[in-house]
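S.K.: Structure below; questions to follow.
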Amino acid sequence: MKSLVRATGLLAVMLAVGACSEEVAVGETGAVPAPPAVAAGVSEELARARAALITGLHYRLRFEIPADEAGPIAVQAVISFELAANAVPLQLDFRQGEAAIRSLRINGAAAKVELAEEHILLPVAALRPGHNEVAINFIAGDSSLNRNPDFLYTLFVPDRARSAFPLFDQPDLKARFELSLVVPAGWLALGNGPLAQRIELDDARWEYHFAPTDLISSYLFSFVAGNFQAITREVNGRTMTMLHRETDSAKLARNVDAIFALHGESLDWLEHYTAIPYPFSKFDFVLIPGFPFGGMEHVGAIQYRAESLLLDASPPLTDTLRRAHLIAHETAHMWFGDLVTMRWFDDVWTKEVFANFLADKMVNPGFPEVDHALNFLVTHYPAAYAVDRSEGANPIRQALPNLNQAGQLYGSIIYHKAPIMMRQLELILGEESLRGGLGEYLRQFAYGNASWPDLIRILDARTDTDLAAWSEVWVNTAGRPRFREVPAAQGVQGQRALQQLDPAGLGRVWPQQFELLRLYADGQDSLALVAAEPASALPPPAGETPVASLFNADGLGYGLFPLDPDILGAWDRLQPVQRGSALVSAWDELLAGSAVDSAVYHGQLLAIVRNEQDPLLLTLALGQLQYLYQVLLDDAQQSALAVSTEEQLWATLEAQPDSSRRKLVFRYYAALASSGAGVQRLYDIWSGALAVDKLVLAEEDRTELAQTLAIRLPVKSENIIARQLASIDNPDRRRRLAFIAPSLAADEAVRDAFFASLREPKNRRTENWVKDAVANLHHPSRRQQAEKYLLPSLELLEEIQVTGDIFFPSHWLQSTLANHNSAPAAQTVRQFLAQRPDYNPQLRMKILQAADGLFRASAIRARQESPTAQR
């Protein structure tokens, strides 16, 4: 911090806040500022004050976990810290009531428990400058412990540790955690620190003691305990342990080598790239059934959704790529997010962009057959555009007044637009300069906290470009530019030009680089464009008029680009990344309701799917085809095209050369098939009456197929689910299907009762299952019946945000709204928001993001039903 005014006592420590870079003036009176208000959650004001007061933070925690998942978990906590000054009560975060606290001692003396607004207030009289120790015995809160019949795992991001135990729950108060777990005999346990000792207390209980962790933020503290199996390997000189609950030995054997190898390769790559050895005392991971995220980067104890890593036989290339990327992403967090952590959650995106951007690089060597420029395009652009084209677009970096709203910052903008921004930044700096800057950043802030402006200052010294100004548009504002080609008369210096327009009318320019491809009758040229001004001159064609052209041909640019309607007709002349860019732009134009007609594009997509050999492009085209057919086409068009669409997809499947690609096409065929013949074919495959060459379906594939059939064949629904349940050996997968079975029921009253049950938080605990079940309720074939769920689903959103994990509000909304396309459904959403002008702004954005497809689909269908309407 620059030019910090010297002061003493509380005033000094409240001014010395790392997140504040401005000079602070002290009034002549020398009055001590008022203490932070006691309010729910953790406000930025409170966090800054505490970060300036507290150092040397250490937690010693002992959890006694009973075998009964409903039994209370008794905890003893000892919190020690150094206090710079002692002028106001200290707020300790705890989201449980006074009844949960059995005793409180401060510096050895018994203290009265005073709770206010989710905080235990530690009185001034009991504290002292220097060393303090607070001992609390209490019953842990359950909401973030994810208790299951024979296992549990903690998930505390972003501020949910305080729902389980008292602590200073903010990212810039890093601490050492010393953990002990008493668990039922036979359970395995994993924590952030190395295992120091396991003691058999008696025939029924074991106690695990873990060594103190390195300095970590509270949201990264974690433990797992339960009936797991352990596999320990040495990879490139490192010992790693994996916990899992998989009962299929063949599946385990098929995946375990790759899982360990991918972790080893990621660690080696990151050590080389950063020139910093792995910064923590151990490296382990656990595979958890139904985990709500793909993964979570707990220091030395990464948690993964088991299904994301344990792939079925003959997985599509997209599945193996996704697994490699996920492992690389979570491993990158050990440096970016764990070693150096954001000061405040307004910069939570920084840890995600570094992890995603570097994971994109890490997976390249392991997949030499993949066009990685294309993979970057199809992975990031559709997801980023889906938010940035919506009315709820948000900046990459968002203000955050209180940590209890931090979960709402997560979404496609930080996971997908931010890597696109980072790639543009790398184009400005150069790969090695960016790499050097990131290394400097890690070394300067190791085991501490930093902000995005801290990194920009480091990188700014490595370029002549004003990165602060560049960042202001790319990072601090929402939306994307719209590009328009204009004739020479309106262009630059008498030449045709490409205009960059700001849809918000703010006159912003997103400086960026990309290519223009021009195809001629007998050749082509590619022009590198730098769009750093409101208009950029376009060099004239080389002699003859192009037969087709493509802006953003290299997939580096970002925005709504003009689409040449002839470019898809030149498909065979395009390179893979050019094809991907053309598909992305065509989809943009279709949703914008301008140049692309739904029925025409449906035919173009079928032709592409029939002939395209690249699995990444095939996946992109199939995904567009599914949404277009099920949501955008009107009922008459769907009916007319159903049989031909299914048969062309089946022919495409049979033409695939291997089982991996056949499984990929089959997934989309199964989702789209609705004719009697198509559904019967699916039933015969599921029941075993029909064997398809090179189509290998595992247990999970058959379970997903059973769900589809239960919806498509209501008369057989109950029998199908019963048979599938009987065929599943794994208890976790049986529990999942049993949970979602009511959402598949033919009886609407059963589905209604299931939806009503989701009002109870306890019935939403396994959020990944809830997401899938809600999607079943809103299946395309049921959307008219499901419209009655829309309003109560929206009404429940605020509670879901409070009780759920970070992605659950968005998942709830997507599962609810994604398949709807009617004007009444769109009106329900509009009215809900109009009647609540003071509604939570972040949740309003999430609703508008999730409803964008609904708004556009209802408008497109209205135009299709009234062909003479103004386009």
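Every chain in the structure tokens has a letter given in the order shown (A, B, ...), and although residue numbers restart at 1 in each chain, ligands are simply numbered from 1 in the order shown.
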May I have the residues within 8 Å of region 755-759 of chain A as a list in words, using only C-alpha atoms and disregarding those fewer than 3 positions away in the same chain?

M.R.: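 Residues meeting the cut-off are Ser743, Arg751, Asp752, Asn763, Arg764, Val774, Tyr789 and Leu796 of chain A.
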
S.K.: Please provide the set of residues having any atom within 10 Å of Asp658 (chain A), restricted to only C-alpha atoms, with same-chain residues fewer than 3 positions apart removed, written as a list in words.

M.R.: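 Returned residues: Ser314, Pro316, Leu653, Glu654, Ala655, Arg661, Arg662, Lys663, Asp693, Lys694 and Leu695 of chain A.
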
S.K.: May I have all residues of region 248-432 of chain A that DSSP, computed from the backbone, assigns to strand (DSSP E or B), given as a list in words?

M.R.: Asp284, Phe285, Val286, Leu287, Ile288, Gly295, Met296, Ala301, Ile302, Gln303, Tyr304, Arg305, Phe336, Val340, Thr341, Met342 and Asn402 of chain A

S.K.: Mind checking which residues fall within 9 Å of Lys417 (chain A), counting only C-alpha atoms, ignoring those fewer than 2 positions away in the same chain, and posting them as a VMD selection string?

M.R.: chain A and resid 353 380 to 381 383 to 385 388 396 412 to 415 419 to 422 558

S.K.: Dump all heavy atoms for the selected residues as a compact mmCIF listing (two decimals), in the first residue's frame?

M.R.:
```txt
# COMPACT_ATOMS: atom_id res chain seq x y z
N VAL A 353 -10.09 -17.70 -13.73
CA VAL A 353 -9.57 -17.46 -15.07
C VAL A 353 -8.18 -18.04 -15.21
O VAL A 353 -7.84 -18.63 -16.25
CB VAL A 353 -9.57 -15.96 -15.41
CG1 VAL A 353 -8.59 -15.15 -14.59
CG2 VAL A 353 -9.25 -15.76 -16.90
N HIS A 380 -15.46 -22.24 -24.77
CA HIS A 380 -15.68 -20.98 -24.08
C HIS A 380 -16.70 -20.06 -24.75
O HIS A 380 -17.47 -19.38 -24.06
CB HIS A 380 -14.35 -20.24 -23.92
CG HIS A 380 -13.37 -20.97 -23.05
ND1 HIS A 380 -13.64 -21.33 -21.75
CD2 HIS A 380 -12.11 -21.42 -23.31
CE1 HIS A 380 -12.59 -21.96 -21.24
NE2 HIS A 380 -11.66 -22.04 -22.16
N TYR A 381 -16.69 -19.96 -26.08
CA TYR A 381 -17.49 -18.93 -26.73
C TYR A 381 -19.00 -19.12 -26.58
O TYR A 381 -19.71 -18.17 -26.22
CB TYR A 381 -17.09 -18.79 -28.20
CG TYR A 381 -15.85 -17.95 -28.39
CD1 TYR A 381 -14.59 -18.45 -28.09
CD2 TYR A 381 -15.93 -16.64 -28.86
CE1 TYR A 381 -13.45 -17.69 -28.24
CE2 TYR A 381 -14.79 -15.86 -29.02
CZ TYR A 381 -13.55 -16.39 -28.70
OH TYR A 381 -12.42 -15.62 -28.85
N ALA A 383 -20.76 -20.55 -24.29
CA ALA A 383 -21.19 -20.30 -22.91
C ALA A 383 -21.07 -18.83 -22.55
O ALA A 383 -21.95 -18.27 -21.88
CB ALA A 383 -20.35 -21.16 -21.96
N ALA A 384 -19.99 -18.18 -22.98
CA ALA A 384 -19.83 -16.75 -22.68
C ALA A 384 -20.87 -15.92 -23.41
O ALA A 384 -21.48 -14.99 -22.83
CB ALA A 384 -18.42 -16.29 -23.05
N TYR A 385 -21.09 -16.21 -24.68
CA TYR A 385 -22.07 -15.46 -25.46
C TYR A 385 -23.49 -15.63 -24.89
O TYR A 385 -24.31 -14.71 -24.97
CB TYR A 385 -22.06 -15.93 -26.91
CG TYR A 385 -20.91 -15.40 -27.76
CD1 TYR A 385 -20.77 -15.81 -29.08
CD2 TYR A 385 -19.98 -14.51 -27.25
CE1 TYR A 385 -19.73 -15.34 -29.88
CE2 TYR A 385 -18.94 -14.03 -28.03
CZ TYR A 385 -18.81 -14.45 -29.34
OH TYR A 385 -17.78 -13.99 -30.12
N ASP A 388 -23.59 -12.96 -22.27
CA ASP A 388 -23.36 -11.60 -22.74
C ASP A 388 -24.42 -11.12 -23.72
O ASP A 388 -24.57 -9.90 -23.91
CB ASP A 388 -21.96 -11.48 -23.35
CG ASP A 388 -21.00 -10.73 -22.44
OD1 ASP A 388 -21.45 -10.19 -21.41
OD2 ASP A 388 -19.80 -10.68 -22.76
N ILE A 396 -17.01 -9.15 -15.76
CA ILE A 396 -16.15 -10.18 -15.20
C ILE A 396 -15.90 -9.88 -13.72
O ILE A 396 -16.01 -10.77 -12.86
CB ILE A 396 -14.82 -10.25 -15.96
CG1 ILE A 396 -15.05 -10.75 -17.40
CG2 ILE A 396 -13.81 -11.15 -15.25
CD1 ILE A 396 -13.80 -10.73 -18.28
N SER A 412 -20.84 -18.30 -16.13
CA SER A 412 -20.10 -18.48 -17.38
C SER A 412 -19.19 -17.31 -17.72
O SER A 412 -18.22 -17.49 -18.45
CB SER A 412 -21.09 -18.70 -18.54
OG SER A 412 -21.69 -19.98 -18.44
N ILE A 413 -19.48 -16.14 -17.20
CA ILE A 413 -18.61 -15.00 -17.52
C ILE A 413 -17.24 -15.21 -16.92
O ILE A 413 -16.21 -15.00 -17.59
CB ILE A 413 -19.24 -13.68 -17.04
CG1 ILE A 413 -20.48 -13.37 -17.87
CG2 ILE A 413 -18.25 -12.54 -17.11
CD1 ILE A 413 -20.23 -13.18 -19.36
N ILE A 414 -17.15 -15.63 -15.67
CA ILE A 414 -15.82 -15.81 -15.08
C ILE A 414 -15.14 -17.08 -15.56
O ILE A 414 -13.91 -17.14 -15.62
CB ILE A 414 -15.84 -15.73 -13.54
CG1 ILE A 414 -16.52 -16.96 -12.91
CG2 ILE A 414 -16.49 -14.46 -13.06
CD1 ILE A 414 -16.39 -16.97 -11.39
N TYR A 415 -15.92 -18.08 -15.94
CA TYR A 415 -15.31 -19.34 -16.39
C TYR A 415 -15.01 -19.35 -17.88
O TYR A 415 -14.15 -20.10 -18.33
CB TYR A 415 -16.22 -20.53 -16.04
CG TYR A 415 -16.18 -20.90 -14.58
CD1 TYR A 415 -17.16 -20.44 -13.72
CD2 TYR A 415 -15.14 -21.67 -14.06
CE1 TYR A 415 -17.12 -20.76 -12.36
CE2 TYR A 415 -15.09 -21.99 -12.72
CZ TYR A 415 -16.08 -21.53 -11.87
OH TYR A 415 -16.04 -21.83 -10.54
N PRO A 419 -11.33 -16.34 -19.69
CA PRO A 419 -10.22 -16.91 -20.47
C PRO A 419 -10.06 -16.29 -21.85
O PRO A 419 -8.93 -16.16 -22.35
CB PRO A 419 -10.58 -18.40 -20.56
CG PRO A 419 -11.45 -18.66 -19.39
CD PRO A 419 -12.24 -17.40 -19.21
N ILE A 420 -11.16 -15.91 -22.48
CA ILE A 420 -11.07 -15.23 -23.78
C ILE A 420 -10.36 -13.89 -23.61
O ILE A 420 -9.50 -13.51 -24.41
CB ILE A 420 -12.48 -15.03 -24.37
CG1 ILE A 420 -13.13 -16.40 -24.67
CG2 ILE A 420 -12.44 -14.17 -25.63
CD1 ILE A 420 -14.62 -16.33 -24.98
N MET A 421 -10.72 -13.18 -22.55
CA MET A 421 -10.03 -11.92 -22.23
C MET A 421 -8.55 -12.16 -21.98
O MET A 421 -7.69 -11.41 -22.47
CB MET A 421 -10.69 -11.29 -20.99
CG MET A 421 -10.02 -10.03 -20.48
SD MET A 421 -8.60 -10.33 -19.37
CE MET A 421 -9.40 -11.16 -17.99
N MET A 422 -8.21 -13.22 -21.24
CA MET A 422 -6.80 -13.50 -20.94
C MET A 422 -6.02 -13.82 -22.21
O MET A 422 -4.85 -13.47 -22.33
CB MET A 422 -6.69 -14.66 -19.96
CG MET A 422 -7.01 -14.31 -18.53
SD MET A 422 -5.88 -13.09 -17.80
CE MET A 422 -4.35 -13.98 -17.82
N TYR A 558 -14.02 -11.41 -30.13
CA TYR A 558 -15.16 -11.58 -29.23
C TYR A 558 -16.21 -10.54 -29.56
O TYR A 558 -15.95 -9.34 -29.52
CB TYR A 558 -14.72 -11.41 -27.77
CG TYR A 558 -15.78 -11.78 -26.77
CD1 TYR A 558 -16.00 -13.11 -26.43
CD2 TYR A 558 -16.57 -10.81 -26.15
CE1 TYR A 558 -16.98 -13.46 -25.51
CE2 TYR A 558 -17.54 -11.15 -25.23
CZ TYR A 558 -17.75 -12.47 -24.91
OH TYR A 558 -18.72 -12.83 -24.00
```

S.K.: Rounded to one decimal, what separation in Å do you get between CA of Phe561 (chain A) and CA of Gln424 (chain A)?

M.R.: 17.0 Å

S.K.: Give the answer as one residue: which of A:Lys361, A:Arg397, A:Lys716, A:Arg765 has the shortest atom-to-atom distance to Arg423 (chain A), using only C-alpha atoms?

M.R.: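 For Arg423 (chain A), the nearest of the given residues is A:Lys361.
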
S.K.: Leaving out region 666-676 of chain A and any residue of its chain fewer than 3 positions from it, which residues lie within 10 Å of it when counting only C-alpha atoms, given as a ChimeraX atom specification?

M.R.: /A:619,622-623,625-627,629-630,638-639,642-643,645-650,652-654,660-663,679-682,695,697,701,704-705,708-709,712-713,780-781

S.K.: Out of A:Glu117, A:Glu297, A:Glu69, A:Glu369, which residue has the shortest atom-to-atom distance to Leu317 (chain A) when counting only C-alpha atoms?

M.R.: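 For Leu317 (chain A), the nearest of the given residues is A:Glu369.
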
S.K.: Do you have the CA of Leu583 (chain A)-CA of Gly294 (chain A) distance handy?

M.R.: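 One can read the CA of Leu583 (chain A) to CA of Gly294 (chain A) distance as 26.9 Å.
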
S.K.: Which is closest to Leu833 (chain A) among A:Glu44, A:Asp319, A:Asp572, A:Glu795, if we use only C-alpha atoms?

M.R.: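 Checking each of A:Glu44, A:Asp319, A:Asp572, A:Glu795 against Leu833 (chain A), counting only C-alpha atoms, the winner is A:Glu795.
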
S.K.: Each residue of region 417-497 of chain A with at least one atom at most 9 Å from region 270-277 of chain A should appear once, together with its nearest atom pair and the corresponding distance in Å (one decimal); atoms considered: only C-alpha atoms; ordering: chain, then increasing residue number; output as JSON lines.

M.R.:
```
{"residue": "A:Arg435", "atom": "CA", "partner": "A:Tyr273", "partner_atom": "CA", "distance": 7.1}
{"residue": "A:Gly436", "atom": "CA", "partner": "A:Thr274", "partner_atom": "CA", "distance": 8.0}
{"residue": "A:Leu438", "atom": "CA", "partner": "A:Thr274", "partner_atom": "CA", "distance": 7.3}
{"residue": "A:Gly439", "atom": "CA", "partner": "A:Thr274", "partner_atom": "CA", "distance": 5.2}
{"residue": "A:Glu440", "atom": "CA", "partner": "A:Thr274", "partner_atom": "CA", "distance": 8.8}
{"residue": "A:Leu442", "atom": "CA", "partner": "A:Thr274", "partner_atom": "CA", "distance": 8.0}
{"residue": "A:Arg443", "atom": "CA", "partner": "A:Ile276", "partner_atom": "CA", "distance": 8.1}
```

S.K.: When you count only C-alpha atoms, which of these residues is closest to Asn364 (chain A): A:Gln229, A:Ser266, A:Thr241, A:Gln91?

M.R.: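 Using only C-alpha atoms, Asn364 (chain A) sits closest to A:Ser266.
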
S.K.: Once DSSP has gone over the backbone, tell me which residues of region 300-549 of chain A are in helix (DSSP H, G or I), as a ChimeraX atom specification.

M.R.: /A:306-309,317-332,345-362,372-388,403-409,412-429,431-444,452-460,467-474,488-490

S.K.: Name all residues at most 12 Å from Leu794 (chain A) (count only C-alpha atoms; drop same-chain ones fewer than 5 positions away) and give them as a ChimeraX atom specification.

M.R.: /A:759,787-789,799-801,809-810,812-817,825,828-833,836,839,843-844,846-848,850-851
